[in-house]
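J.: My structure is in entry_37.pdb, and what it holds is PDB, C-alpha atoms, pLDDT in the B column:
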MODEL        1
ATOM      1  CA  MET A   1      -8.447  11.220   1.619  1.00 70.00           C
ATOM      2  CA  ALA A   2      -7.708   7.500   1.828  1.00 70.00           C
ATOM      3  CA  VAL A   3     -10.377   6.678  -0.770  1.00 69.00           C
ATOM      4  CA  ARG A   4      -9.201   9.532  -2.984  1.00 73.00           C
ATOM      5  CA  ALA A   5      -5.624   8.238  -2.822  1.00 67.00           C
ATOM      6  CA  MET A   6      -6.864   4.750  -3.711  1.00 71.00           C
ATOM      7  CA  VAL A   7      -8.746   6.071  -6.747  1.00 69.00           C
ATOM      8  CA  GLU A   8      -5.831   8.228  -7.931  1.00 72.00           C
ATOM      9  CA  SER A   9      -2.930   5.858  -7.294  1.00 75.00           C
ATOM     10  CA  GLY A  10      -4.606   2.458  -7.159  1.00 80.00           C
ATOM     11  CA  GLU A  11      -4.082   1.849  -3.456  1.00 89.00           C
ATOM     12  CA  SER A  12      -3.972   3.521  -0.093  1.00 86.00           C
ATOM     13  CA  PHE A  13      -2.376   2.687   3.248  1.00 92.00           C
ATOM     14  CA  ALA A  14      -3.375   3.991   6.668  1.00 91.00           C
ATOM     15  CA  ARG A  15      -2.502   3.304  10.287  1.00 91.00           C
ATOM     16  CA  PRO A  16      -5.227   3.759  12.928  1.00 88.00           C
ATOM     17  CA  ARG A  17      -3.832   5.845  15.793  1.00 86.00           C
ATOM     18  CA  VAL A  18      -5.315   6.332  19.245  1.00 83.00           C
ATOM     19  CA  ALA A  19      -4.866   9.876  20.520  1.00 76.00           C
ATOM     20  CA  SER A  20      -4.366  10.951  24.110  1.00 71.00           C
ATOM     21  CA  VAL A  21      -7.319  10.998  26.503  1.00 69.00           C
ATOM     22  CA  ALA A  22      -7.484  14.814  26.307  1.00 67.00           C
ATOM     23  CA  ALA A  23      -7.865  14.873  22.508  1.00 69.00           C
ATOM     24  CA  SER A  24     -11.238  15.842  21.094  1.00 75.00           C
ATOM     25  CA  ILE A  25     -11.009  13.043  18.500  1.00 74.00           C
ATOM     26  CA  PRO A  26      -9.764   9.849  20.181  1.00 78.00           C
ATOM     27  CA  LEU A  27      -9.043   7.944  16.964  1.00 81.00           C
ATOM     28  CA  HIS A  28      -7.524   9.168  13.706  1.00 82.00           C
ATOM     29  CA  LEU A  29      -5.915   7.627  10.646  1.00 84.00           C
ATOM     30  CA  GLU A  30      -2.314   8.278   9.707  1.00 88.00           C
ATOM     31  CA  LEU A  31      -2.281   8.116   5.904  1.00 88.00           C
ATOM     32  CA  LEU A  32       0.814   6.675   4.268  1.00 90.00           C
ATOM     33  CA  ASP A  33       1.963   7.390   0.739  1.00 88.00           C
ATOM     34  CA  ARG A  34       2.023   4.230  -1.380  1.00 89.00           C
ATOM     35  CA  GLU A  35       5.752   4.884  -1.971  1.00 90.00           C
ATOM     36  CA  GLN A  36       6.365   4.356   1.755  1.00 92.00           C
ATOM     37  CA  VAL A  37       5.668   0.642   1.248  1.00 94.00           C
ATOM     38  CA  PRO A  38       8.490  -0.222  -1.172  1.00 93.00           C
ATOM     39  CA  MET A  39       7.156  -2.178  -4.159  1.00 92.00           C
ATOM     40  CA  GLU A  40      10.655  -3.469  -4.970  1.00 93.00           C
ATOM     41  CA  LEU A  41      11.185  -5.054  -1.526  1.00 94.00           C
ATOM     42  CA  ASP A  42      11.205  -8.832  -2.101  1.00 96.00           C
ATOM     43  CA  ARG A  43      13.108 -11.341   0.030  1.00 95.00           C
ATOM     44  CA  GLU A  44      12.913 -14.640   1.855  1.00 96.00           C
ATOM     45  CA  ILE A  45      13.051 -14.145   5.633  1.00 95.00           C
ATOM     46  CA  GLY A  46      13.246 -17.754   6.801  1.00 93.00           C
ATOM     47  CA  GLY A  47      10.885 -20.450   7.991  1.00 95.00           C
ATOM     48  CA  GLY A  48       8.854 -20.189   4.799  1.00 95.00           C
ATOM     49  CA  ALA A  49       8.050 -16.529   5.458  1.00 97.00           C
ATOM     50  CA  ARG A  50       8.803 -13.944   2.802  1.00 97.00           C
ATOM     51  CA  ILE A  51       8.347 -10.320   1.816  1.00 97.00           C
ATOM     52  CA  ARG A  52       6.765  -9.572  -1.558  1.00 97.00           C
ATOM     53  CA  ALA A  53       6.202  -6.003  -2.780  1.00 95.00           C
ATOM     54  CA  GLY A  54       6.781  -4.687   0.747  1.00 95.00           C
ATOM     55  CA  ILE A  55       4.210  -7.049   2.296  1.00 96.00           C
ATOM     56  CA  GLU A  56       5.309  -9.788   4.707  1.00 97.00           C
ATOM     57  CA  PHE A  57       3.632 -13.193   4.428  1.00 97.00           C
ATOM     58  CA  ASP A  58       3.911 -16.126   6.822  1.00 97.00           C
ATOM     59  CA  ALA A  59       4.588 -19.693   5.668  1.00 96.00           C
ATOM     60  CA  ALA A  60       0.838 -20.219   5.092  1.00 96.00           C
ATOM     61  CA  GLY A  61       0.664 -17.191   2.774  1.00 95.00           C
ATOM     62  CA  ARG A  62      -1.210 -14.887   5.179  1.00 96.00           C
ATOM     63  CA  ARG A  63      -0.381 -11.169   5.291  1.00 95.00           C
ATOM     64  CA  VAL A  64       1.240 -10.593   8.646  1.00 97.00           C
ATOM     65  CA  ALA A  65       2.986  -7.222   8.257  1.00 97.00           C
ATOM     66  CA  TYR A  66       3.871  -4.331   5.981  1.00 97.00           C
ATOM     67  CA  ARG A  67       7.358  -2.885   5.629  1.00 96.00           C
ATOM     68  CA  VAL A  68       7.020   0.906   5.843  1.00 94.00           C
ATOM     69  CA  LEU A  69       9.550   3.692   5.290  1.00 92.00           C
ATOM     70  CA  SER A  70       9.453   6.434   7.937  1.00 84.00           C
ATOM     71  CA  SER A  71       9.069   9.119   5.258  1.00 79.00           C
ATOM     72  CA  ARG A  72       8.190   9.359   1.599  1.00 75.00           C
ATOM     73  CA  PRO A  73      11.149   8.770  -0.748  1.00 76.00           C
ATOM     74  CA  GLY A  74      12.328  12.093  -2.161  1.00 71.00           C
ATOM     75  CA  ASP A  75      10.891  14.145   0.722  1.00 71.00           C
ATOM     76  CA  PRO A  76      13.528  16.863   1.343  1.00 70.00           C
ATOM     77  CA  LEU A  77      12.484  17.090   5.000  1.00 67.00           C
ATOM     78  CA  GLY A  78      12.207  13.332   5.482  1.00 65.00           C
ATOM     79  CA  SER A  79      14.539  10.985   7.239  1.00 66.00           C
ATOM     80  CA  LEU A  80      17.816  10.056   5.571  1.00 66.00           C
ATOM     81  CA  ARG A  81      17.389   6.534   6.904  1.00 69.00           C
ATOM     82  CA  MET A  82      15.576   4.460   4.307  1.00 75.00           C
ATOM     83  CA  ASP A  83      15.335   1.147   6.175  1.00 84.00           C
ATOM     84  CA  PRO A  84      11.680   0.111   6.346  1.00 92.00           C
ATOM     85  CA  PHE A  85      10.233  -0.783   9.733  1.00 91.00           C
ATOM     86  CA  ARG A  86       7.721  -3.558  10.366  1.00 95.00           C
ATOM     87  CA  VAL A  87       4.058  -2.686  10.941  1.00 95.00           C
ATOM     88  CA  PRO A  88       1.836  -5.651  11.871  1.00 97.00           C
ATOM     89  CA  ALA A  89      -0.968  -6.196   9.349  1.00 95.00           C
ATOM     90  CA  ALA A  90      -3.506  -5.862  12.180  1.00 94.00           C
ATOM     91  CA  ASP A  91      -2.279  -2.266  12.637  1.00 94.00           C
ATOM     92  CA  CYS A  92      -2.389  -1.243   8.967  1.00 93.00           C
ATOM     93  CA  LEU A  93      -5.237  -0.711   6.506  1.00 91.00           C
ATOM     94  CA  HIS A  94      -4.516  -1.472   2.845  1.00 92.00           C
ATOM     95  CA  LEU A  95      -7.197  -0.316   0.419  1.00 86.00           C
ATOM     96  CA  PHE A  96      -7.071  -1.484  -3.195  1.00 89.00           C
ATOM     97  CA  LYS A  97      -9.343  -3.098  -5.758  1.00 87.00           C
ATOM     98  CA  PRO A  98      -8.008  -6.511  -6.776  1.00 88.00           C
ATOM     99  CA  LEU A  99      -8.393  -7.066 -10.513  1.00 87.00           C
ATOM    100  CA  ALA A 100      -6.587 -10.408 -10.790  1.00 89.00           C
ATOM    101  CA  ALA A 101      -6.101 -13.497  -8.659  1.00 90.00           C
ATOM    102  CA  GLY A 102      -2.996 -13.210  -6.500  1.00 89.00           C
ATOM    103  CA  GLN A 103      -2.667  -9.441  -6.966  1.00 91.00           C
ATOM    104  CA  LEU A 104      -0.820  -7.971  -3.975  1.00 92.00           C
ATOM    105  CA  ARG A 105      -0.912  -4.226  -4.643  1.00 91.00           C
ATOM    106  CA  GLY A 106      -3.140  -1.699  -6.364  1.00 88.00           C
ATOM    107  CA  ILE A 107      -2.778  -0.642  -9.987  1.00 84.00           C
ATOM    108  CA  THR A 108      -2.560   3.068 -10.800  1.00 77.00           C
ATOM    109  CA  GLY A 109      -5.299   4.704 -12.879  1.00 65.00           C
ATOM    110  CA  SER A 110      -3.256   5.090 -16.057  1.00 51.00           C
ATOM    111  CA  ARG A 111      -2.379   1.384 -16.062  1.00 50.00           C
ATOM    112  CA  ARG A 112      -6.052   0.463 -15.562  1.00 49.00           C
ATOM    113  CA  TYR A 113      -6.959   2.444 -18.677  1.00 43.00           C
ATOM    114  CA  CYS A 114      -4.208   0.776 -20.706  1.00 45.00           C
ATOM    115  CA  CYS A 115      -5.448  -2.664 -19.719  1.00 48.00           C
ATOM    116  CA  GLY A 116      -9.079  -1.923 -20.632  1.00 47.00           C
ATOM    117  CA  CYS A 117      -8.691  -0.589 -24.181  1.00 41.00           C
ATOM    118  CA  THR A 118      -7.403  -2.270 -27.309  1.00 40.00           C
ATOM    119  CA  SER A 119      -6.466   0.964 -29.099  1.00 39.00           C
ATOM    120  CA  SER A 120      -6.491   4.712 -28.594  1.00 41.00           C
ATOM    121  CA  THR A 121      -9.534   5.028 -30.878  1.00 41.00           C
ATOM    122  CA  SER A 122     -11.549   2.356 -29.082  1.00 39.00           C
ATOM    123  CA  SER A 123     -14.990   3.446 -27.924  1.00 42.00           C
ATOM    124  CA  ARG A 124     -15.085   0.832 -25.181  1.00 43.00           C
ATOM    125  CA  THR A 125     -15.233   2.066 -21.618  1.00 42.00           C
ATOM    126  CA  PRO A 126     -12.482   0.529 -19.465  1.00 42.00           C
ATOM    127  CA  ARG A 127     -13.781  -1.776 -16.734  1.00 46.00           C
ATOM    128  CA  TRP A 128     -12.323  -1.116 -13.287  1.00 45.00           C
TER     129      TRP A 128
ENDMDL
END
Take the structure I supplied and represent it as structure tokens, if you would.
T.:
Amino acid sequence: MAVRAMVESGESFARPRVASVAASIPLHLELLDREQVPMELDREIGGGARIRAGIEFDAAGRRVAYRVLSSRPGDPLGSLRMDPFRVPAADCLHLFKPLAAGQLRGITGSRRYCCGCTSSTSSRTPRW
């Protein structure tokens, strides 16, 4: 499912979770919707650290955490609280195919097609 989400929406997020000792599968992945990591979240947080597109970077520019909403925006059964919580980067998997230097997030399929063709009648196959 994580790879499918990456192909369909350009990126995928997952959190590895360790189950209880009695569980038949001791490790599973909690998949997160890409909307749970707010793309519009950008701010300086002090000491040279900053958040860009929902991803926290230290002063050296290393990814150190992701800011994650507890539920998907628009989910009628989700939490009313929309303050993102911090998930250390070591505890989060972010799958995406970088297409440009400095790219932070994945690009959705429709945008990949727009970038690869010069016109709607072009016979070129988009590269992605």
J.: Which one is closest to Leu29 in chain A: A:Asp91, A:Asp58, A:Glu11, A:Asp42? Count only C-alpha atoms.
T.: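 Of all the options, A:Asp91 lies closest to Leu29 in chain A.
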J.: Could you list, as a ChimeraX atom specification, every residue matched by the PyMOL selection byres ((chain A and resi 67) around 12) in this structure?
T.: /A:13,32,34-43,50-57,63-66,68-70,82-89,91-92
J.: Quick one: distance from CA of Ala59 in chain A to CA of Gly47 in chain A in Å, one decimal?
T.: 6.8 Å
J.: Provide the CA of Arg62 in chain A to CA of Gly46 in chain A distance in Å, to one decimal place.
T.: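 Between these atoms lies a distance of 14.8 Å.
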J.: Counting only C-alpha atoms, figure out which residue out of A:Asp75, A:Leu104, A:Pro98, A:Asp33 gets nearest to Glu8 in chain A.
T.: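 Smallest separation from Glu8 in chain A among the options: A:Asp33.
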J.: Return as JSON the box centre and box size in Å, one decimal, for an axis-aligned box around all listed atoms of range 93-106 of chain A padded by 6 Å per side.
T.:
{"center_x": -5.1, "center_y": -6.9, "center_z": -2.1, "size_x": 20.5, "size_y": 25.2, "size_z": 29.3}
J.: Which residues match the PyMOL selection byres ((chain A and resi 27) around 8) in the file above, as a PyMOL selection string?
T.: chain A and resi 16-19+25-26+28-29
J.: What is the CA of Ala90 in chain A-CA of Arg105 in chain A distance in Å, reported with one decimal?
T.: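 If I compute the distance from CA of Ala90 in chain A to CA of Arg105 in chain A, I get 17.1 Å.
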J.: Apply the PyMOL selection byres ((chain A and resi 2) around 8) to the structure shown and report the selected residues as number ranges by chain.
T.: A: 1, 3-6, 12-14, 31, 95
J.: Is it possible to add N, CA and C atoms to range 50-65 of chain A and hand it back as a PDB file, keeping the file's coordinate frame?
T.:
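What follows is the written file out-v1.pdb:
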ATOM      1  N   ARG A  50       8.149 -14.764   3.828  1.00 97.00           N
ATOM      2  CA  ARG A  50       8.803 -13.944   2.802  1.00 97.00           C
ATOM      3  C   ARG A  50       8.145 -12.580   2.720  1.00 97.00           C
ATOM      4  N   ILE A  51       8.863 -11.663   2.087  1.00 97.00           N
ATOM      5  CA  ILE A  51       8.347 -10.320   1.816  1.00 97.00           C
ATOM      6  C   ILE A  51       8.206 -10.204   0.309  1.00 97.00           C
ATOM      7  N   ARG A  52       7.023  -9.795  -0.137  1.00 97.00           N
ATOM      8  CA  ARG A  52       6.765  -9.572  -1.558  1.00 97.00           C
ATOM      9  C   ARG A  52       6.114  -8.211  -1.704  1.00 97.00           C
ATOM     10  N   ALA A  53       6.724  -7.356  -2.517  1.00 95.00           N
ATOM     11  CA  ALA A  53       6.202  -6.003  -2.780  1.00 95.00           C
ATOM     12  C   ALA A  53       5.984  -5.222  -1.494  1.00 95.00           C
ATOM     13  N   GLY A  54       6.863  -5.422  -0.516  1.00 95.00           N
ATOM     14  CA  GLY A  54       6.781  -4.687   0.747  1.00 95.00           C
ATOM     15  C   GLY A  54       5.796  -5.268   1.750  1.00 95.00           C
ATOM     16  N   ILE A  55       5.187  -6.407   1.419  1.00 96.00           N
ATOM     17  CA  ILE A  55       4.210  -7.049   2.296  1.00 96.00           C
ATOM     18  C   ILE A  55       4.802  -8.365   2.791  1.00 96.00           C
ATOM     19  N   GLU A  56       4.761  -8.570   4.108  1.00 97.00           N
ATOM     20  CA  GLU A  56       5.309  -9.788   4.707  1.00 97.00           C
ATOM     21  C   GLU A  56       4.218 -10.850   4.818  1.00 97.00           C
ATOM     22  N   PHE A  57       4.546 -12.060   4.371  1.00 97.00           N
ATOM     23  CA  PHE A  57       3.632 -13.193   4.428  1.00 97.00           C
ATOM     24  C   PHE A  57       4.243 -14.285   5.290  1.00 97.00           C
ATOM     25  N   ASP A  58       3.399 -14.992   6.052  1.00 97.00           N
ATOM     26  CA  ASP A  58       3.911 -16.126   6.822  1.00 97.00           C
ATOM     27  C   ASP A  58       3.994 -17.352   5.911  1.00 97.00           C
ATOM     28  N   ALA A  59       4.402 -18.480   6.465  1.00 96.00           N
ATOM     29  CA  ALA A  59       4.588 -19.693   5.668  1.00 96.00           C
ATOM     30  C   ALA A  59       3.282 -20.175   5.036  1.00 96.00           C
ATOM     31  N   ALA A  60       2.140 -19.818   5.629  1.00 96.00           N
ATOM     32  CA  ALA A  60       0.838 -20.219   5.092  1.00 96.00           C
ATOM     33  C   ALA A  60       0.314 -19.240   4.038  1.00 96.00           C
ATOM     34  N   GLY A  61       1.067 -18.164   3.782  1.00 95.00           N
ATOM     35  CA  GLY A  61       0.664 -17.191   2.774  1.00 95.00           C
ATOM     36  C   GLY A  61      -0.237 -16.077   3.281  1.00 95.00           C
ATOM     37  N   ARG A  62      -0.382 -15.957   4.601  1.00 96.00           N
ATOM     38  CA  ARG A  62      -1.210 -14.887   5.179  1.00 96.00           C
ATOM     39  C   ARG A  62      -0.396 -13.611   5.329  1.00 96.00           C
ATOM     40  N   ARG A  63      -1.038 -12.467   5.074  1.00 95.00           N
ATOM     41  CA  ARG A  63      -0.381 -11.169   5.291  1.00 95.00           C
ATOM     42  C   ARG A  63      -0.223 -10.979   6.788  1.00 95.00           C
ATOM     43  N   VAL A  64       1.011 -10.770   7.213  1.00 97.00           N
ATOM     44  CA  VAL A  64       1.240 -10.593   8.646  1.00 97.00           C
ATOM     45  C   VAL A  64       1.814  -9.218   8.972  1.00 97.00           C
ATOM     46  N   ALA A  65       2.405  -8.540   7.987  1.00 97.00           N
ATOM     47  CA  ALA A  65       2.986  -7.222   8.257  1.00 97.00           C
ATOM     48  C   ALA A  65       3.254  -6.489   6.952  1.00 97.00           C
TER      49      ALA A  65
END
